[in-house]
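Colleague: Mind looking over this structure? Questions follow.
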Amino acid sequence: MRRVIWIILDSVGYGEMPDADEFGDKGANTIEHTWQYNNGLDIPNMIKLGYGNICGNKVLPKTDNPMGAYGKAAEQSRGKDTTVGHWEMTGVVSKKAFPTYPDGFPGYIIDEFIKQTGVPGVLGNCVASGTEIIKKLGGEHESSGKPIVYTSADSVFQIAVNVDDYPLADLYRMCEIARKILTGKDEVARVIARPFIGHNGEYTRTSDRRDYAILPPDYNLLERLKTAGLDVIAVGKIEDIFAGSGITQATHTKNNMDGMDVTLRYMQEDNHGLIFTNLVEFDSSWGHRRDASSYGKGLEEFDVRLGELMNLMKDEDILIINADHGCDPTFKGTDHTREYIPILVYGRNVRSIDLGIRGSFGDIGETIADYLGCERLADGNFKSFAADIISDNDRSTTI
């Protein structure tokens, strides 16, 4: 039975896109700068697959005989965040960017949020780093009972509360209310619950984050796989990113290693279709916090688990590894960076070839649809590379 294990290294971009200057990101290169900052990385499995052979790389070592197919993809969507990146991978191109609020949310949104939630007011309402704003406003939040509301360069409405004093269920309820308020021209990509713990200025965000994304169009890859009767297993925040669309089973995870544990467990079960995993720590814990040292260590830890995963693969399994955007931990600011995403593909029957520069993230989803034999994606601009990496005898036919 054919199966795809799809791993998203959240934010591990592969160098600036040609239009990076339009996003203020000229010069960004997440993987090369992380490699340089750490004086190299111990990632032998990724290197063996061809990670350093991807065109444009000037730093990572190349291998003479890559074990997998390799390349990179450009983004058609007008954005550089998690939602537009994942959606484009599954066939949904966002030609218009989701709304952002560089000056904070307008009064009519905040007033309606206060009215419907019954909170005594809000703190923040500005663009901020999540760790910095809870450090700055955590004490006032505890004394006033006002939730902390903030945004970023991305299209997000984030709510932070101290769950030592504020029930987690109340935070989730506030997020659900905010999601219903933020519609029309104010339909942000995600409302995010940001729980934290601690007191007296010493605060730590917990793993109980929850994302409330808008529902993607129903022609996305996940819905097509589900309609074809295949398993669509979501690991990490995948279920949140797609608002449950097309998901047949889901497990939320605490961190990257937990995500790999869950992925490996699913691989040992009897399923047929897609195991779709997001490893978010690269982005949330290290990229946004500009922690290049931990970013590098995280890649090394992933590479060890990658070896375990490869050893568990069945004959007809294929593994696809890619990112969804960049978040260069050495770059200015704290936001995502507009970058190409790398693509690595491995399997018993996968040829070692250079996939070049793909015209859209959607080529990955089109390849998965092709390999698993479900209805192809709606946008005719996506190009499957299944025929390039797998012989005709090993490919399924479209249902």
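Order determines the names: the first chain of the structure tokens is A, the second B, and so forth; residues in each chain are numbered 1 upward, and ligands are numbered 1 upward as they are shown.
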Write out as a PyMOL selection string each polymer residue whose atoms come within 8 Å of Ala386 of chain A, counting only C-alpha atoms; drop sequence neighbours fewer than 6 positions from it.

Modeller: chain A and resi 367-368+370-371+395

Colleague: Quick one: everything within 9 Å of Gly229 of chain A, counting only C-alpha atoms, minus sequence neighbours fewer than 4 positions away in the same chain. Send it as a list in words.

Modeller: Arg224, Leu225 and Gly273 of chain A

Colleague: Those same residues - C-alpha atoms - I'd like them written as a CSV table (one decimal), in the first residue's frame.

Modeller:
chain,number,residue,atom,x,y,z
A,224,ARG,CA,-9.3,15.1,-2.0
A,225,LEU,CA,-7.4,12.4,-0.2
A,273,GLY,CA,-2.5,7.6,2.6

Colleague: Where does segment 133-239 of chain A meet segment 121-129 of chain A within 9 Å, residue by residue, with the nearest atom pair and distance in Å to one decimal for each, counting only C-alpha atoms, listed by chain and rising number, as CSV?

Modeller:
residue,atom,partner,partner_atom,distance
A:Ile133,CA,A:Ser129,CA,6.1
A:Ile134,CA,A:Ser129,CA,8.7
A:Leu137,CA,A:Leu123,CA,7.3
A:Glu140,CA,A:Leu123,CA,8.3
A:His141,CA,A:Leu123,CA,7.3
A:Ser144,CA,A:Gly121,CA,8.7
A:Gly145,CA,A:Gly121,CA,8.3
A:Lys146,CA,A:Val122,CA,4.9
A:Pro147,CA,A:Val122,CA,5.2
A:Ile148,CA,A:Leu123,CA,4.7
A:Val149,CA,A:Asn125,CA,5.1
A:Tyr150,CA,A:Asn125,CA,4.8
A:Thr151,CA,A:Val127,CA,4.8
A:Ser152,CA,A:Val127,CA,4.8
A:Ala153,CA,A:Val127,CA,7.2

Colleague: Atom CA of Arg305 of chain A and atom CA of Ser293 of chain A are how many Å apart?

Modeller: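 That distance, rounded to one decimal, is 19.0 Å.
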
Colleague: Can you work out the spacing between atom CA of Glu142 of chain A and atom CA of Gly118 of chain A in Å, to one decimal?

Modeller: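 Result for atom CA of Glu142 of chain A versus atom CA of Gly118 of chain A: 16.5 Å, one decimal.
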